[in-house]
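Content type compact mmCIF, C-alpha atoms, from the file upload_9.txt:
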```txt
# COMPACT_ATOMS: atom_id res chain seq x y z
CA MET A 48 26.48 6.99 1.59
CA ASN A 49 24.93 5.50 -1.54
CA ILE A 50 24.39 8.24 -4.13
CA MET A 51 20.82 7.23 -4.95
CA HIS A 52 19.87 6.86 -1.30
CA ASP A 53 21.42 10.24 -0.53
CA ALA A 54 19.44 11.80 -3.38
CA ALA A 55 16.20 10.24 -2.11
CA MET A 56 16.85 11.57 1.39
CA ARG A 57 17.42 15.04 -0.06
CA ILE A 58 14.15 14.87 -1.98
CA GLU A 59 12.36 14.02 1.26
CA LYS A 60 13.45 17.40 2.65
CA ILE A 61 12.29 19.56 -0.29
CA GLU A 62 9.33 21.37 1.24
CA GLY A 63 8.61 23.06 -2.08
CA LEU A 64 7.16 19.76 -3.29
CA ASP A 65 4.40 19.95 -0.67
CA ALA A 66 2.26 22.35 -2.69
CA ILE A 67 2.36 20.03 -5.71
CA GLY A 68 1.82 16.94 -3.60
CA ASP A 69 -1.08 18.36 -1.61
CA SER A 70 -2.86 19.68 -4.70
CA LEU A 71 -2.44 16.41 -6.57
CA GLY A 72 -3.32 14.34 -3.52
CA ASN A 73 -6.54 16.28 -2.95
CA ALA A 74 -7.44 15.91 -6.63
CA VAL A 75 -6.89 12.14 -6.47
CA LYS A 76 -9.09 11.85 -3.38
CA LYS A 77 -11.87 13.71 -5.17
CA VAL A 78 -11.65 11.46 -8.22
CA VAL A 79 -11.13 8.29 -6.15
CA PRO A 80 -13.03 8.72 -2.87
CA ALA A 81 -13.56 5.89 -0.41
CA GLY A 82 -15.74 3.29 -2.09
CA PRO A 83 -15.66 0.54 -4.74
CA LEU A 84 -13.14 2.26 -7.05
CA LYS A 85 -10.75 2.95 -4.17
CA ASP A 86 -11.09 -0.67 -3.03
CA LEU A 87 -10.36 -1.86 -6.58
CA LEU A 88 -7.25 0.28 -7.04
CA SER A 89 -5.93 -0.40 -3.53
CA GLY A 90 -6.12 -4.18 -3.97
CA THR A 91 -8.64 -4.70 -1.16
CA TRP A 92 -10.17 -7.56 -3.15
CA LEU A 93 -6.73 -9.03 -3.81
CA GLY A 94 -5.34 -9.18 -0.27
CA HIS A 95 -2.27 -7.36 -1.59
CA GLN A 96 -1.52 -3.89 -2.95
CA LEU A 97 -2.45 -3.80 -6.64
CA HIS A 98 0.17 -1.29 -7.82
CA PRO A 99 3.30 -3.49 -7.42
CA LEU A 100 1.59 -6.28 -9.36
CA LEU A 101 0.70 -4.00 -12.26
CA THR A 102 4.19 -2.48 -12.55
CA ASP A 103 5.53 -5.75 -13.97
CA ILE A 104 3.63 -5.20 -17.22
CA PRO A 105 5.07 -1.81 -18.29
CA ILE A 106 8.53 -2.66 -16.90
CA GLY A 107 8.67 -5.93 -18.82
CA SER A 108 7.24 -4.39 -22.00
CA PHE A 109 9.57 -1.39 -22.02
CA THR A 110 12.61 -3.55 -21.23
CA GLY A 111 11.73 -5.95 -24.05
CA ALA A 112 11.27 -3.06 -26.50
CA THR A 113 14.64 -1.56 -25.61
CA LEU A 114 16.45 -4.89 -25.92
CA LEU A 115 14.91 -5.50 -29.35
CA ASP A 116 15.96 -2.02 -30.43
CA LEU A 117 19.54 -2.73 -29.36
CA VAL A 118 20.03 -6.27 -30.66
CA GLY A 119 16.96 -7.25 -32.68
CA GLY A 120 17.76 -5.52 -35.96
CA ARG A 121 15.21 -4.10 -38.39
CA ARG A 122 13.08 -7.24 -38.45
CA ALA A 123 12.37 -6.79 -34.73
CA GLN A 124 11.02 -3.26 -35.03
CA HIS A 125 7.37 -4.30 -35.30
CA ALA A 126 7.68 -6.38 -32.12
CA ALA A 127 9.54 -3.56 -30.36
CA ASN A 128 6.79 -1.13 -31.30
CA LEU A 129 4.12 -3.51 -30.05
CA LEU A 130 5.89 -3.95 -26.72
CA ALA A 131 6.38 -0.20 -26.28
CA THR A 132 2.70 0.37 -27.04
CA VAL A 133 1.66 -2.25 -24.46
CA GLY A 134 3.96 -0.52 -21.96
CA VAL A 135 2.43 2.91 -22.54
CA LEU A 136 -1.15 1.62 -22.36
CA SER A 137 -0.56 -0.53 -19.26
CA ALA A 138 1.07 2.42 -17.50
CA VAL A 139 -2.36 4.06 -17.19
CA PRO A 140 -3.97 1.59 -14.74
CA THR A 141 -0.59 1.13 -13.05
CA ALA A 142 -0.35 4.86 -12.37
CA ALA A 143 -3.97 4.98 -11.22
CA ALA A 144 -3.34 2.28 -8.61
CA GLY A 145 -0.13 3.98 -7.50
CA LEU A 146 -1.82 7.37 -7.14
CA ALA A 147 -4.62 5.82 -5.09
CA ASP A 148 -2.04 4.41 -2.65
CA TRP A 149 0.11 7.54 -2.66
CA SER A 150 -2.83 9.87 -1.90
CA ASP A 151 -2.90 8.47 1.65
CA THR A 152 0.69 9.52 2.35
CA TYR A 153 1.99 12.79 3.76
CA GLY A 154 5.28 14.52 4.49
CA PRO A 155 8.51 12.94 3.14
CA PRO A 156 6.81 9.93 1.46
CA ARG A 157 4.45 12.27 -0.37
CA ARG A 158 7.42 14.33 -1.64
CA ILE A 159 9.22 11.20 -2.85
CA GLY A 160 6.01 10.10 -4.56
CA VAL A 161 5.78 13.35 -6.51
CA VAL A 162 9.25 12.87 -8.00
CA HIS A 163 8.63 9.14 -8.52
CA ALA A 164 5.50 9.92 -10.54
CA ALA A 165 7.22 12.72 -12.48
CA ALA A 166 10.16 10.50 -13.45
CA ASN A 167 7.85 7.74 -14.64
CA LEU A 168 5.71 10.20 -16.57
CA VAL A 169 8.76 11.56 -18.38
CA GLY A 170 9.97 8.03 -19.07
CA ILE A 171 6.61 7.06 -20.55
CA GLY A 172 6.78 10.19 -22.71
CA PHE A 173 10.16 9.07 -24.08
CA TYR A 174 8.74 5.64 -24.94
CA ALA A 175 5.68 7.21 -26.58
CA ALA A 176 8.04 9.34 -28.67
CA SER A 177 10.06 6.22 -29.55
CA ILE A 178 6.88 4.64 -30.93
CA GLY A 179 6.45 7.60 -33.25
CA ALA A 180 10.09 7.48 -34.33
CA ARG A 181 9.84 3.78 -35.11
CA ARG A 182 6.75 4.33 -37.23
CA ARG A 183 8.64 6.96 -39.19
CA GLY A 184 11.38 4.40 -39.82
CA SER A 185 13.95 6.14 -37.62
CA ARG A 186 15.43 3.21 -35.73
CA PHE A 187 18.29 5.27 -34.27
CA SER A 188 15.94 7.86 -32.77
CA ALA A 189 13.60 5.15 -31.47
CA THR A 190 16.50 3.39 -29.76
CA ALA A 191 17.87 6.62 -28.25
CA LEU A 192 14.46 7.68 -26.97
CA GLY A 193 13.86 4.22 -25.51
CA LEU A 194 17.18 4.31 -23.68
CA MET A 195 16.35 7.74 -22.25
CA GLY A 196 12.98 6.37 -21.17
CA MET A 197 14.65 3.38 -19.54
CA GLY A 198 17.12 5.59 -17.68
CA THR A 199 14.45 7.97 -16.42
CA MET A 200 12.14 5.17 -15.32
CA THR A 201 15.02 3.45 -13.52
CA VAL A 202 15.28 6.54 -11.32
CA GLY A 203 11.53 6.43 -10.83
CA GLY A 204 11.71 2.74 -9.95
CA TYR A 205 14.41 3.36 -7.36
CA LEU A 206 12.26 6.01 -5.70
CA GLY A 207 9.31 3.61 -5.76
CA GLY A 208 11.47 1.06 -3.95
CA HIS A 209 12.47 3.74 -1.46
CA LEU A 210 8.80 4.40 -0.72
CA THR A 211 8.18 0.72 -0.02
CA PHE A 212 11.37 -0.55 1.60
CA VAL A 213 12.57 2.58 3.40
CA ARG A 214 9.31 4.40 4.13
CA GLY A 215 7.05 1.34 4.41
CA VAL A 216 4.32 2.62 2.11
CA GLY A 217 2.09 -0.33 1.19
CA VAL A 218 3.75 -2.64 3.73
CA ASN A 219 1.70 -4.68 6.23
CA HIS A 220 2.31 -2.79 9.47
CA THR A 221 1.66 -5.82 11.68
CA PHE A 222 4.05 -8.32 10.12
CA MET A 223 6.81 -7.71 12.69
CA GLU A 224 4.48 -8.26 15.65
CA ASP A 225 4.93 -11.78 17.02
CA PRO A 226 2.79 -12.53 20.08
CA SER A 227 3.10 -15.86 21.87
CA PRO A 228 1.04 -18.70 20.36
CA GLU A 229 -0.07 -19.69 23.87
CA TRP A 230 -3.19 -18.49 25.67
CA LYS A 231 -2.45 -15.24 27.51
CA THR A 232 -4.55 -13.37 30.07
CA ALA A 233 -5.53 -10.05 28.53
CA ILE A 234 -7.92 -8.45 31.01
CA SER A 235 -10.44 -9.22 33.75
CA GLU A 236 -13.86 -9.94 32.32
CA ASP A 237 -15.50 -7.29 34.51
CA GLU A 238 -13.20 -4.63 33.00
CA LEU A 239 -14.77 -5.05 29.58
CA GLU A 240 -17.69 -2.77 28.81
CA ASP A 241 -20.20 -3.65 26.12
CA GLY A 242 -19.67 -1.52 23.01
CA LYS A 243 -16.50 0.10 24.34
CA PRO A 244 -13.00 -0.80 23.03
CA SER A 245 -10.22 -1.80 25.40
CA LEU A 246 -6.52 -1.67 24.55
CA VAL A 247 -4.15 -4.19 26.14
CA ASP A 248 -0.48 -5.06 25.63
CA LEU A 249 0.30 -8.71 24.85
CA ASP A 250 4.00 -9.50 24.44
CA ASP A 251 4.52 -5.86 23.36
CA VAL A 252 1.77 -6.22 20.75
CA PRO A 253 -1.02 -3.62 21.09
CA THR A 254 -4.25 -5.63 21.06
CA LEU A 255 -7.82 -4.40 20.71
CA LEU A 256 -10.63 -6.06 22.70
CA TYR A 257 -14.26 -5.29 21.95
CA ARG A 258 -17.37 -6.81 23.51
CA SER A 259 -20.63 -6.81 21.62
CA GLY A 260 -23.37 -8.61 23.50
CA PRO A 261 -22.20 -12.09 24.54
CA THR A 262 -19.21 -12.09 22.16
CA THR A 263 -15.77 -10.62 22.74
CA TYR A 264 -13.49 -9.94 19.77
CA ALA A 265 -9.72 -9.46 19.76
CA LEU A 266 -7.43 -8.26 16.97
CA ARG A 267 -4.19 -6.40 16.45
CA ASN A 268 -4.69 -2.75 17.21
CA ARG A 269 -2.22 -1.44 14.64
CA CYS A 270 -3.91 -1.08 11.23
CA THR A 271 -2.24 -3.19 8.55
CA HIS A 272 -2.44 -0.31 6.06
CA ALA A 273 -0.50 2.44 7.80
CA GLY A 274 -0.38 1.55 11.48
CA GLY A 275 -3.37 3.61 12.63
CA PRO A 276 -4.73 2.94 16.17
CA LEU A 277 -7.97 1.02 15.67
CA ASN A 278 -9.11 1.55 19.27
CA GLU A 279 -9.54 5.24 18.38
CA GLY A 280 -11.72 4.43 15.37
CA GLU A 281 -15.47 4.17 14.94
CA PHE A 282 -17.24 0.93 15.79
CA ASP A 283 -20.41 -0.35 14.14
CA ALA A 284 -22.11 -3.20 15.98
CA ALA A 285 -24.39 -3.83 12.99
CA GLY A 286 -21.74 -3.93 10.30
CA ARG A 287 -21.70 -6.30 7.35
CA GLY A 288 -21.25 -9.80 8.73
CA GLY A 289 -20.99 -8.57 12.30
CA PRO A 290 -19.36 -5.72 14.25
CA CYS A 291 -16.66 -3.77 12.44
CA VAL A 292 -14.22 -0.94 13.07
CA THR A 293 -13.16 1.97 10.86
CA CYS A 294 -9.53 3.06 11.16
CA PRO A 295 -9.30 6.74 12.18
CA TRP A 296 -6.43 7.50 9.81
CA HIS A 297 -7.56 6.42 6.34
CA GLN A 298 -11.01 4.91 6.99
CA SER A 299 -10.20 1.29 6.20
CA VAL A 300 -13.01 -0.91 7.55
CA PHE A 301 -12.30 -4.29 9.21
CA ARG A 302 -14.72 -6.96 10.42
CA LEU A 303 -13.94 -7.81 14.04
CA LYS A 304 -14.64 -11.54 13.98
CA ASP A 305 -12.06 -12.39 11.32
CA GLY A 306 -10.23 -9.15 10.48
CA ALA A 307 -11.54 -9.16 6.90
CA VAL A 308 -11.13 -5.91 4.97
CA LEU A 309 -14.58 -4.58 4.09
CA HIS A 310 -13.32 -1.31 2.59
CA GLY A 311 -9.84 -0.06 1.68
CA PRO A 312 -7.36 1.43 1.31
CA ALA A 313 -6.16 -1.52 3.42
CA ALA A 314 -5.55 -4.68 1.42
CA VAL A 315 -4.21 -7.03 4.10
CA PRO A 316 -6.70 -8.44 6.64
CA GLN A 317 -6.25 -7.50 10.28
CA PRO A 318 -4.71 -10.36 12.34
CA THR A 319 -7.18 -11.66 14.94
CA PHE A 320 -7.12 -13.71 18.14
CA ASP A 321 -9.15 -16.55 19.56
CA VAL A 322 -10.88 -15.50 22.78
CA ARG A 323 -12.02 -17.48 25.83
CA VAL A 324 -12.98 -16.69 29.42
CA THR A 325 -11.33 -18.67 32.22
CA ASP A 326 -11.92 -17.92 35.90
CA ASP A 327 -13.36 -14.51 35.01
CA LYS A 328 -10.26 -13.68 32.98
CA VAL A 329 -10.35 -12.94 29.24
CA GLU A 330 -7.64 -14.97 27.54
CA VAL A 331 -6.50 -14.68 23.92
CA ARG A 332 -4.09 -16.37 21.52
CA PRO A 333 -3.21 -15.63 17.88
CA ARG A 334 -5.58 -17.28 15.46
```
Structure re-expressed in structure tokens:
Amino acid sequence: MNIMHDAAMRIEKIEGLDAIGDSLGNAVKKVVPAGPLKDLLSGTWLGHQLHPLLTDIPIGSFTGATLLDLVGGRRAQHAANLLATVGVLSAVPTAAAGLADWSDTYGPPRRIGVVHAAANLVGIGFYAASIGARRRGSRFSATALGLMGMGTMTVGGYLGGHLTFVRGVGVNHTFMEDPSPEWKTAISEDELEDGKPSLVDLDDVPTLLYRSGPTTYALRNRCTHAGGPLNEGEFDAAGRGGPCVTCPWHQSVFRLKDGAVLHGPAAVPQPTFDVRVTDDKVEVRPR
């Protein structure tokens, strides 16, 4: 087995990290409760998680600083210092966005996130120390500290990739669902009750139906954020722009008519269906 993957799997089993993770996670939720700040940091306005986008800035800055230290000579030290400073400063909003996403995890992903954050924090500390060494004129120390920072943050980056690509944190949980593009009968019209959700299976895709007055809405039942069952959530017939549903797991709010995210932590809109009634049968197809 790959050494790094094996190490990540071992970290997932360290129950001693739970106390740290739970304490930090609760603190983050107090500082960043559901609302505008959470939406901002989660990327609700962007249609994409914000944290991966922000990581490019410190990664690029730190990499540039280290390369200049190694091959740029003394004349490149001012530029290297500037890049390292940009990296340290940009790490603050990057970490804030990452913590906002991570606070909604639990179990093994939460444990991985603790070590991921710790590795990156140590790496940033090395780069901050390299800035000081460069200002003192100690190029050797600045280069050594930068290399240690790069090594530590590489470990942190691997664990961040593990969270996304192995554990699916921040991944759209509906992207693998592929219902037929044709009209499909979902349910008899008389089985739908006004104001009460119905769950049907269309081509192995859990689909939520909801009637509000004369209009019937249909959307994927699995929340794009973490896969929560929307049919078990709370429905508001008078939501902003029409009826909406709140996911029971992390309280993301989606508008039923178009799946738009009204409140995070979800960033990706909920896939919806066109709906029609034919011969007293409710039929749907992906929009």
Would you mind listing what lies within 6 Å of region 150-162 of chain A as a list in words, with only C-alpha atoms counted and same-chain residues fewer than 6 positions away left out? Glu59, Leu64 and Gly72 of chain A
Among listed residues A:Trp149, A:Tyr257, A:Tyr174, A:Phe187, nearest Val216 (chain A) (using all atoms listed in the file):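 Selected residue with least distance to Val216 (chain A): A:Trp149.
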Spatial neighbours of Phe173 (chain A), max dist 12 Å, all atoms listed in the file, sep filter under 3 positions, as an MDAnalysis selection string: chainID A and resid 109 113 131:132 134:135 166:170 176:180 188:200
Could you please take those selected residues and save C-alpha atoms as a PDB file, in the coordinates of the input?
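Contents of the output file out_34.pdb:
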```pdb
ATOM      1  CA  PHE A 109       9.570  -1.390 -22.020  1.00  0.00           C
ATOM      2  CA  THR A 113      14.640  -1.560 -25.610  1.00  0.00           C
ATOM      3  CA  ALA A 131       6.380  -0.200 -26.280  1.00  0.00           C
ATOM      4  CA  THR A 132       2.700   0.370 -27.040  1.00  0.00           C
ATOM      5  CA  GLY A 134       3.960  -0.520 -21.960  1.00  0.00           C
ATOM      6  CA  VAL A 135       2.430   2.910 -22.540  1.00  0.00           C
ATOM      7  CA  ALA A 166      10.160  10.500 -13.450  1.00  0.00           C
ATOM      8  CA  ASN A 167       7.850   7.740 -14.640  1.00  0.00           C
ATOM      9  CA  LEU A 168       5.710  10.200 -16.570  1.00  0.00           C
ATOM     10  CA  VAL A 169       8.760  11.560 -18.380  1.00  0.00           C
ATOM     11  CA  GLY A 170       9.970   8.030 -19.070  1.00  0.00           C
ATOM     12  CA  ALA A 176       8.040   9.340 -28.670  1.00  0.00           C
ATOM     13  CA  SER A 177      10.060   6.220 -29.550  1.00  0.00           C
ATOM     14  CA  ILE A 178       6.880   4.640 -30.930  1.00  0.00           C
ATOM     15  CA  GLY A 179       6.450   7.600 -33.250  1.00  0.00           C
ATOM     16  CA  ALA A 180      10.090   7.480 -34.330  1.00  0.00           C
ATOM     17  CA  SER A 188      15.940   7.860 -32.770  1.00  0.00           C
ATOM     18  CA  ALA A 189      13.600   5.150 -31.470  1.00  0.00           C
ATOM     19  CA  THR A 190      16.500   3.390 -29.760  1.00  0.00           C
ATOM     20  CA  ALA A 191      17.870   6.620 -28.250  1.00  0.00           C
ATOM     21  CA  LEU A 192      14.460   7.680 -26.970  1.00  0.00           C
ATOM     22  CA  GLY A 193      13.860   4.220 -25.510  1.00  0.00           C
ATOM     23  CA  LEU A 194      17.180   4.310 -23.680  1.00  0.00           C
ATOM     24  CA  MET A 195      16.350   7.740 -22.250  1.00  0.00           C
ATOM     25  CA  GLY A 196      12.980   6.370 -21.170  1.00  0.00           C
ATOM     26  CA  MET A 197      14.650   3.380 -19.540  1.00  0.00           C
ATOM     27  CA  GLY A 198      17.120   5.590 -17.680  1.00  0.00           C
ATOM     28  CA  THR A 199      14.450   7.970 -16.420  1.00  0.00           C
ATOM     29  CA  MET A 200      12.140   5.170 -15.320  1.00  0.00           C
TER      30      MET A 200
END
```
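Going from CA of Arg267 (chain A) over to CA of Gly145 (chain A), you cover 26.4 Å.
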With distances taken over only C-alpha atoms, which residue among A:Gly217, A:Gly242, A:Pro99, A:Pro253 lies nearest Pro140 (chain A)?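 Smallest separation from Pro140 (chain A) among the options: A:Pro99.
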Would you list the residues near (-3.5, 8.6, 8.9) (no more than 8 Å away, in the coordinates of the file, using all atoms listed in the file) as JSON, numbers by chain? {"A": [151, 152, 273, 275, 295, 296, 297]}
What is the distance between CA of Val133 (chain A) and CA of Gly119 (chain A), in Å to one decimal? 18.1 Å
Applying 8 Å and all atoms listed in the file, which residues near Cys294 (chain A) remain after dropping the ones on its own chain fewer than 5 positions away? List them as a ChimeraX atom specification. /A:270,275-277,279-281,299-300
For the atom pair CA of Arg182 (chain A) and CA of Asn128 (chain A), what is the interatomic distance in Å to one decimal place?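 Atom-to-atom, CA of Arg182 (chain A) to CA of Asn128 (chain A), that is 8.1 Å.
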For Phe320 (chain A), work out the shell of residues within 7 Å, counting all atoms listed in the file and skipping chain neighbours fewer than 4 positions away, then give it as a ChimeraX atom specification. /A:265-266,331-334
Which protein, DNA or RNA residues have an atom at most 12 Å from (-10.8, 1.2, -4.5), counting only C-alpha atoms? List them as a PyMOL selection string. chain A and resi 75-76+78-93+96-98+143-148+299+308-314
Please give the centre and size of the box around region 149-166 of chain A (axis-aligned, containing every atom listed in the file, 8 Å added per side), with values in Å to one decimal and written as AutoDock Vina command-line options.
```
--center_x 3.6 --center_y 11.0 --center_z -4.5 --size_x 29.1 --size_y 23.0 --size_z 33.9
```
Find the residues around Glu238 (chain A) up to 10 Å (all atoms listed in the file counted), leave out those fewer than 4 positions away in its own chain, and share them as an MDAnalysis selection string. chainID A and resid 234 245 328:329
For region 132-158 of chain A of the structure just presented, write N, CA and C atoms to a file, as a compact mmCIF listing (two decimals), in the first residue's frame.
```txt
# COMPACT_ATOMS: atom_id res chain seq x y z
N THR A 132 5.68 36.55 2.35
CA THR A 132 4.74 37.38 3.12
C THR A 132 3.33 37.26 2.57
N VAL A 133 3.20 37.29 1.23
CA VAL A 133 1.89 37.10 0.60
C VAL A 133 1.32 35.73 0.99
N GLY A 134 2.18 34.71 1.00
CA GLY A 134 1.73 33.37 1.37
C GLY A 134 1.19 33.31 2.78
N VAL A 135 1.92 33.91 3.73
CA VAL A 135 1.48 33.89 5.13
C VAL A 135 0.17 34.65 5.30
N LEU A 136 0.06 35.82 4.67
CA LEU A 136 -1.16 36.62 4.82
C LEU A 136 -2.36 35.95 4.15
N SER A 137 -2.16 35.37 2.97
CA SER A 137 -3.27 34.74 2.26
C SER A 137 -3.70 33.44 2.92
N ALA A 138 -2.83 32.87 3.77
CA ALA A 138 -3.20 31.64 4.47
C ALA A 138 -4.33 31.87 5.46
N VAL A 139 -4.51 33.11 5.91
CA VAL A 139 -5.55 33.39 6.91
C VAL A 139 -6.96 33.17 6.35
N PRO A 140 -7.35 33.83 5.24
CA PRO A 140 -8.68 33.55 4.69
C PRO A 140 -8.81 32.12 4.15
N THR A 141 -7.69 31.58 3.67
CA THR A 141 -7.73 30.20 3.17
C THR A 141 -8.07 29.23 4.30
N ALA A 142 -7.42 29.43 5.44
CA ALA A 142 -7.70 28.57 6.60
C ALA A 142 -9.12 28.78 7.11
N ALA A 143 -9.60 30.01 7.09
CA ALA A 143 -10.96 30.30 7.56
C ALA A 143 -11.98 29.56 6.71
N ALA A 144 -11.80 29.58 5.39
CA ALA A 144 -12.73 28.86 4.51
C ALA A 144 -12.64 27.36 4.74
N GLY A 145 -11.42 26.85 4.92
CA GLY A 145 -11.25 25.43 5.17
C GLY A 145 -11.88 24.99 6.48
N LEU A 146 -11.72 25.80 7.53
CA LEU A 146 -12.31 25.46 8.83
C LEU A 146 -13.83 25.47 8.75
N ALA A 147 -14.39 26.41 7.99
CA ALA A 147 -15.85 26.47 7.85
C ALA A 147 -16.37 25.19 7.21
N ASP A 148 -15.67 24.69 6.19
CA ASP A 148 -16.07 23.43 5.55
C ASP A 148 -15.85 22.24 6.49
N TRP A 149 -14.69 22.22 7.12
CA TRP A 149 -14.32 21.09 7.98
C TRP A 149 -15.24 20.96 9.19
N SER A 150 -15.78 22.06 9.69
CA SER A 150 -16.61 22.02 10.90
C SER A 150 -17.88 21.19 10.71
N ASP A 151 -18.24 20.90 9.45
CA ASP A 151 -19.43 20.09 9.19
C ASP A 151 -19.10 18.60 9.05
N THR A 152 -17.84 18.24 9.26
CA THR A 152 -17.46 16.83 9.17
C THR A 152 -17.52 16.17 10.54
N TYR A 153 -17.37 14.86 10.55
CA TYR A 153 -17.32 14.11 11.80
C TYR A 153 -16.57 12.80 11.55
N GLY A 154 -16.16 12.15 12.63
CA GLY A 154 -15.50 10.86 12.50
C GLY A 154 -14.15 10.94 11.79
N PRO A 155 -13.82 9.96 10.95
CA PRO A 155 -12.51 9.92 10.28
C PRO A 155 -12.15 11.19 9.51
N PRO A 156 -13.07 11.79 8.74
CA PRO A 156 -12.69 13.04 8.04
C PRO A 156 -12.31 14.17 9.00
N ARG A 157 -13.00 14.22 10.13
CA ARG A 157 -12.67 15.26 11.11
C ARG A 157 -11.27 15.04 11.67
N ARG A 158 -10.89 13.78 11.91
CA ARG A 158 -9.55 13.48 12.43
C ARG A 158 -8.48 13.84 11.41
```
